[in-house]
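Dropping start-v3.cif in here (mmCIF, C-alpha atoms):
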data_protein
loop_
_atom_site.label_atom_id
_atom_site.label_comp_id
_atom_site.auth_asym_id
_atom_site.auth_seq_id
_atom_site.Cartn_x
_atom_site.Cartn_y
_atom_site.Cartn_z
CA MET M 1 73.24 108.47 153.64
CA THR M 2 72.46 111.65 155.60
CA PRO M 3 72.74 115.13 153.98
CA ASP M 4 75.89 115.64 156.09
CA GLN M 5 77.51 112.54 154.61
CA LEU M 6 76.60 113.67 151.09
CA ASP M 7 78.19 117.06 151.93
CA SER M 8 81.42 115.30 152.96
CA VAL M 9 81.48 113.09 149.87
CA PHE M 10 80.94 115.94 147.37
CA SER M 11 83.38 118.13 149.31
CA ALA M 12 86.02 115.36 149.25
CA LEU M 13 85.55 114.98 145.47
CA ALA M 14 86.02 118.74 144.88
CA ASP M 15 89.79 118.37 144.64
CA PRO M 16 91.84 116.97 141.71
CA THR M 17 94.47 115.33 143.96
CA ARG M 18 91.81 113.48 145.95
CA ARG M 19 90.08 112.35 142.75
CA ALA M 20 93.46 111.14 141.41
CA ILE M 21 94.10 109.24 144.66
CA LEU M 22 90.73 107.45 144.29
CA ALA M 23 91.60 106.62 140.66
CA ARG M 24 94.97 105.17 141.78
CA LEU M 25 93.26 103.05 144.45
CA THR M 26 91.13 101.32 141.79
CA GLU M 27 94.40 99.54 140.86
CA GLY M 28 94.83 98.23 144.40
CA ASP M 29 95.58 99.28 147.96
CA ALA M 30 98.57 101.60 148.42
CA ASN M 31 100.61 103.27 151.14
CA VAL M 32 101.22 107.00 151.49
CA ALA M 33 104.59 106.92 149.68
CA GLU M 34 103.04 105.13 146.69
CA LEU M 35 100.12 107.57 146.64
CA ALA M 36 102.43 110.60 146.91
CA ALA M 37 104.76 109.44 144.08
CA PRO M 38 102.82 110.88 141.08
CA PHE M 39 102.36 114.29 142.76
CA SER M 40 104.83 117.06 143.54
CA MET M 41 103.44 116.99 147.05
CA SER M 42 104.85 116.01 150.44
CA GLN M 43 103.67 112.86 152.21
CA PRO M 44 102.09 114.96 155.01
CA ALA M 45 100.06 116.86 152.37
CA ILE M 46 98.91 113.53 150.89
CA SER M 47 98.11 112.29 154.42
CA ARG M 48 95.83 115.29 154.92
CA HIS M 49 93.99 114.42 151.68
CA LEU M 50 93.70 110.80 152.87
CA LYS M 51 92.15 111.99 156.12
CA VAL M 52 89.49 113.94 154.18
CA LEU M 53 88.77 110.87 152.01
CA GLU M 54 88.59 108.64 155.10
CA GLN M 55 86.21 111.01 156.92
CA ALA M 56 83.94 110.98 153.84
CA GLY M 57 83.98 107.15 153.93
CA LEU M 58 85.65 107.00 150.50
CA ILE M 59 88.67 105.07 151.76
CA SER M 60 89.43 102.83 154.68
CA ARG M 61 92.90 102.31 156.11
CA HIS M 62 94.44 99.11 157.39
CA ARG M 63 97.86 97.81 158.34
CA ARG M 64 99.77 95.12 156.48
CA ALA M 65 103.03 94.39 158.33
CA THR M 66 104.54 97.87 158.87
CA ALA M 67 102.68 99.52 155.97
CA ARG M 68 99.50 101.52 156.43
CA LEU M 69 97.45 100.90 153.31
CA SER M 70 94.53 102.86 151.90
CA HIS M 71 91.64 100.96 150.36
CA LEU M 72 88.95 102.38 148.06
CA GLU M 73 85.43 102.26 149.49
CA ALA M 74 83.25 102.92 146.46
CA ASP M 75 79.87 102.74 148.20
CA PRO M 76 79.55 106.49 148.99
CA LEU M 77 80.25 107.15 145.29
CA ARG M 78 77.18 105.04 144.50
CA GLU M 79 75.10 107.20 146.87
CA ALA M 80 76.40 110.37 145.22
CA THR M 81 75.54 108.91 141.80
CA ASP M 82 72.04 108.01 143.03
CA TRP M 83 71.54 111.64 144.03
CA LEU M 84 72.77 112.87 140.63
CA ALA M 85 70.64 110.31 138.75
CA LYS M 86 67.48 112.23 139.72
CA TYR M 87 68.65 114.99 137.36
CA GLN M 88 69.24 112.70 134.39
CA ALA M 89 65.76 113.53 133.02
CA TYR M 90 66.83 117.18 132.82
CA TRP M 91 70.02 116.73 130.89
CA ASP M 92 68.32 114.11 128.66
CA GLU M 93 65.63 116.72 128.03
CA SER M 94 68.14 119.34 126.95
CA TYR M 95 69.70 116.81 124.53
CA GLU M 96 66.22 115.98 123.24
CA ARG M 97 65.59 119.65 122.55
CA LEU M 98 68.93 119.79 120.72
CA ASP M 99 68.04 116.66 118.69
CA GLN M 100 64.69 118.20 117.75
CA LEU M 101 66.42 121.39 116.68
CA LEU M 102 68.94 119.43 114.56
CA ALA M 103 66.14 117.36 112.97
CA LYS M 104 64.27 120.56 112.16
CA LEU M 105 67.38 122.11 110.63
CA GLU M 106 67.94 118.99 108.51
CA SER M 107 64.39 118.92 107.15
CA HIS M 108 64.28 122.69 106.61
CA PRO M 109 67.90 123.78 106.14
CA PRO M 110 68.41 127.52 106.49
CA SER M 111 68.51 129.01 102.97
CA THR M 112 72.12 129.43 101.84
CA ASP M 113 73.30 132.22 99.65
CA ASN M 114 75.24 130.81 96.69
CA ASN M 115 76.85 134.06 95.59
CA MET J 1 84.96 119.71 131.50
CA THR J 2 88.32 120.72 133.01
CA PRO J 3 89.42 119.48 136.48
CA ASP J 4 88.75 123.03 137.74
CA GLN J 5 85.15 122.90 136.54
CA LEU J 6 84.67 119.49 138.16
CA ASP J 7 86.07 121.00 141.39
CA SER J 8 83.47 123.81 141.23
CA VAL J 9 80.61 121.41 140.50
CA PHE J 10 81.41 119.00 143.35
CA SER J 11 82.10 121.93 145.67
CA ALA J 12 78.75 123.55 144.78
CA LEU J 13 76.98 120.23 145.48
CA ALA J 14 78.60 119.92 148.93
CA ASP J 15 75.86 121.97 150.58
CA PRO J 16 72.29 120.87 151.42
CA THR J 17 70.73 124.29 150.65
CA ARG J 18 72.32 124.39 147.21
CA ARG J 19 71.18 120.81 146.50
CA ALA J 20 67.65 121.78 147.62
CA ILE J 21 67.70 124.82 145.33
CA LEU J 22 68.62 122.59 142.37
CA ALA J 23 65.79 120.21 143.33
CA ARG J 24 63.33 123.14 143.44
CA LEU J 25 64.48 124.34 140.01
CA THR J 26 63.52 120.99 138.45
CA GLU J 27 59.92 122.24 138.92
CA GLY J 28 60.60 125.40 136.92
CA ASP J 29 62.49 128.69 136.95
CA ALA J 30 62.18 130.73 140.15
CA ASN J 31 63.19 134.09 141.59
CA VAL J 32 65.20 134.61 144.79
CA ALA J 33 62.11 135.15 146.99
CA GLU J 34 60.58 131.86 145.77
CA LEU J 35 63.87 130.03 146.30
CA ALA J 36 64.32 131.51 149.79
CA ALA J 37 60.76 130.67 150.94
CA PRO J 38 61.36 127.06 152.15
CA PHE J 39 64.49 128.02 154.12
CA SER J 40 64.93 130.05 157.29
CA MET J 41 67.51 132.06 155.41
CA SER J 42 67.71 135.64 154.18
CA GLN J 43 67.46 136.45 150.47
CA PRO J 44 71.10 137.72 150.45
CA ALA J 45 72.21 134.34 151.86
CA ILE J 46 70.25 132.57 149.10
CA SER J 47 71.76 134.96 146.54
CA ARG J 48 75.23 133.92 147.67
CA HIS J 49 74.31 130.26 147.13
CA LEU J 50 72.93 131.14 143.68
CA LYS J 51 76.23 132.82 142.81
CA VAL J 52 78.12 129.61 143.70
CA LEU J 53 75.71 127.54 141.58
CA GLU J 54 76.02 129.99 138.69
CA GLN J 55 79.84 129.97 138.82
CA ALA J 56 79.74 126.15 138.69
CA GLY J 57 77.51 126.36 135.60
CA LEU J 58 74.66 124.60 137.43
CA ILE J 59 72.21 127.45 136.95
CA SER J 60 71.83 130.35 134.54
CA ARG J 61 70.00 133.56 135.35
CA HIS J 62 67.75 135.61 133.10
CA ARG J 63 65.27 138.46 133.47
CA ARG J 64 61.55 138.16 132.87
CA ALA J 65 59.93 141.62 133.29
CA THR J 66 61.29 142.82 136.65
CA ALA J 67 62.04 139.32 138.00
CA ARG J 68 65.48 137.74 137.88
CA LEU J 69 64.89 134.03 137.41
CA SER J 70 67.21 131.11 138.02
CA HIS J 71 67.19 128.20 135.56
CA LEU J 72 68.61 124.72 136.15
CA GLU J 73 71.50 123.79 133.84
CA ALA J 74 71.81 120.04 134.32
CA ASP J 75 74.70 119.45 131.92
CA PRO J 76 77.51 119.77 134.52
CA LEU J 77 75.64 117.18 136.61
CA ARG J 78 75.95 114.78 133.67
CA GLU J 79 79.71 115.41 133.60
CA ALA J 80 79.95 114.75 137.34
CA THR J 81 77.95 111.54 136.87
CA ASP J 82 80.25 110.47 134.03
CA TRP J 83 83.21 110.86 136.36
CA LEU J 84 81.49 108.82 139.08
CA ALA J 85 80.40 106.13 136.59
CA LYS J 86 84.02 104.96 136.25
CA TYR J 87 83.75 103.66 139.82
CA GLN J 88 80.57 101.68 139.25
CA ALA J 89 82.59 98.51 138.66
CA TYR J 90 84.00 98.87 142.19
CA TRP J 91 80.75 99.22 144.05
CA ASP J 92 79.18 96.47 141.88
CA GLU J 93 82.15 94.32 142.85
CA SER J 94 81.61 94.90 146.55
CA TYR J 95 77.95 93.88 146.16
CA GLU J 96 79.05 90.80 144.24
CA ARG J 97 81.36 89.83 147.09
CA LEU J 98 78.47 90.32 149.53
CA ASP J 99 76.17 88.18 147.34
CA GLN J 100 78.81 85.43 147.21
CA LEU J 101 79.16 85.56 150.98
CA LEU J 102 75.39 85.34 151.46
CA ALA J 103 75.15 82.42 149.00
CA LYS J 104 77.94 80.63 150.87
CA LEU J 105 76.20 81.23 154.21
CA GLU J 106 72.93 79.87 152.79
CA SER J 107 74.52 76.68 151.44
CA HIS J 108 76.70 76.16 154.55
CA PRO J 109 74.89 77.90 157.42
CA PRO J 110 77.09 78.44 160.49
CA SER J 111 76.42 75.61 162.97
CA THR J 112 73.99 76.77 165.63
CA ASP J 113 74.08 75.53 169.17
CA ASN J 114 70.66 74.16 170.16
CA ASN J 115 71.22 74.08 173.92
#

Turn this file's structure into structure tokens for me.
Amino acid sequence: MTPDQLDSVFSALADPTRRAILARLTEGDANVAELAAPFSMSQPAISRHLKVLEQAGLISRHRRATARLSHLEADPLREATDWLAKYQAYWDESYERLDQLLAKLESHPPSTDNN
Amino acid sequence: MTPDQLDSVFSALADPTRRAILARLTEGDANVAELAAPFSMSQPAISRHLKVLEQAGLISRHRRATARLSHLEADPLREATDWLAKYQAYWDESYERLDQLLAKLESHPPSTDNN
């Protein structure tokens, strides 16, 4: 995946409607009307979101009879996760520091005033 | 993390300079001049990127003597990864289908024409 593709994927994910569309597509392929149903949004607005998702490679679109169905393509999400995974050491580290602090507090609790 | 925060995190990650800044900060805190050095970009341009990263919670900024240092805050990256992890089943599934196809091709190779 090129930096440009990673830009498109993260940019496509930076919208709650587009993330909700991807979540819906985990249940199966759907047409624009089905995808628009849960939102107070017009079909053309949903179509614009689908175009962004398609350009990022996150969905593909195919015809079944007269319906144009969207299909989840999860592979770019794997690439995005691979990029994020490099940072896991850093958030693990901050939890480790927190654990150490908690352990320290447990072995030497701050003196409490019983008045 | 609220949907709005997830929007800001993914949006902040949708830029190669900002991703490179985060990568640089894994090596330690840095000031604007140090962060600007690898890019053909002015310090004000880098400062604007830092502001986006700070608003997304991906960096914090603190003063050491006269220097204003940026520090990586990896926690929002964990949240973004958690969101993406829900889709792991779907990319695993597509690899499984590919594996099955390859196994099928190996046990029943397509007939080749030896002419």

Given the file above and the PyMOL selection byres ((chain J) within 10 of (chain M)), which residues are selected, and can you give them as a CSV table (one decimal) with C-alpha atoms, keeping the file's coordinate frame?
chain,number,residue,atom,x,y,z
J,3,PRO,CA,89.4,119.5,136.5
J,4,ASP,CA,88.8,123.0,137.7
J,5,GLN,CA,85.2,122.9,136.5
J,6,LEU,CA,84.7,119.5,138.2
J,7,ASP,CA,86.1,121.0,141.4
J,8,SER,CA,83.5,123.8,141.2
J,9,VAL,CA,80.6,121.4,140.5
J,10,PHE,CA,81.4,119.0,143.4
J,11,SER,CA,82.1,121.9,145.7
J,12,ALA,CA,78.8,123.6,144.8
J,13,LEU,CA,77.0,120.2,145.5
J,14,ALA,CA,78.6,119.9,148.9
J,15,ASP,CA,75.9,122.0,150.6
J,16,PRO,CA,72.3,120.9,151.4
J,17,THR,CA,70.7,124.3,150.6
J,19,ARG,CA,71.2,120.8,146.5
J,22,LEU,CA,68.6,122.6,142.4
J,23,ALA,CA,65.8,120.2,143.3
J,26,THR,CA,63.5,121.0,138.4
J,72,LEU,CA,68.6,124.7,136.2
J,73,GLU,CA,71.5,123.8,133.8
J,74,ALA,CA,71.8,120.0,134.3
J,75,ASP,CA,74.7,119.4,131.9
J,76,PRO,CA,77.5,119.8,134.5
J,77,LEU,CA,75.6,117.2,136.6
J,78,ARG,CA,76.0,114.8,133.7
J,80,ALA,CA,80.0,114.8,137.3
J,81,THR,CA,78.0,111.5,136.9
J,82,ASP,CA,80.2,110.5,134.0
J,83,TRP,CA,83.2,110.9,136.4
J,84,LEU,CA,81.5,108.8,139.1
J,85,ALA,CA,80.4,106.1,136.6
J,86,LYS,CA,84.0,105.0,136.2
J,87,TYR,CA,83.8,103.7,139.8
J,88,GLN,CA,80.6,101.7,139.2
J,89,ALA,CA,82.6,98.5,138.7
J,90,TYR,CA,84.0,98.9,142.2
J,91,TRP,CA,80.8,99.2,144.0
J,92,ASP,CA,79.2,96.5,141.9
J,93,GLU,CA,82.2,94.3,142.8
J,94,SER,CA,81.6,94.9,146.6
J,95,TYR,CA,78.0,93.9,146.2

ask   = CA of Ala65 in chain M and CA of Arg97 in chain J, how far apart in Å?
value =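 Calculated distance between CA of Arg97 in chain J and CA of Ala65 in chain M is 24.8 Å.
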
Evaluate the PyMOL selection byres ((chain J and resi 31) around 7) on the structure here and hand back the selected residues as a tab-separated table (two decimals) with C-alpha atoms, in the frame of the given file.
chain	number	residue	atom	x	y	z
J	30	ALA	CA	62.18	130.73	140.15
J	32	VAL	CA	65.20	134.61	144.79
J	33	ALA	CA	62.11	135.15	146.99
J	34	GLU	CA	60.58	131.86	145.77
J	35	LEU	CA	63.87	130.03	146.30
J	67	ALA	CA	62.04	139.32	138.00
J	68	ARG	CA	65.48	137.74	137.88
J	69	LEU	CA	64.89	134.03	137.41
J	70	SER	CA	67.21	131.11	138.02

Distance in Å - CA of Gly57 in chain J versus CA of Glu27 in chain J =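 Those two atoms sit 18.4 Å apart.
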
task = Quick one: pull the distance between CA of Ser42 in chain J and CA of Met1 in chain M, Å, one decimal.
result =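 Answer for the CA of Ser42 in chain J to CA of Met1 in chain M separation: 27.7 Å.
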
request  = Taking the file as shown, find all residues satisfying the PyMOL selection byres ((chain J and resi 46) around 12) and write them as a PyMOL selection string.
outcome  = chain J and resi 17-18+20-21+31-45+47-53+70

Using the file's own x, y and z axes, what box holds all listed atoms of range 56-68 of chain M with 5 Å on each side, keeping edges along x, y and z, and what are its centre and edge lengths in Å to one decimal, as AutoDock Vina command-line options?
--center_x 94.2 --center_y 102.7 --center_z 154.7 --size_x 30.6 --size_y 26.6 --size_z 18.4
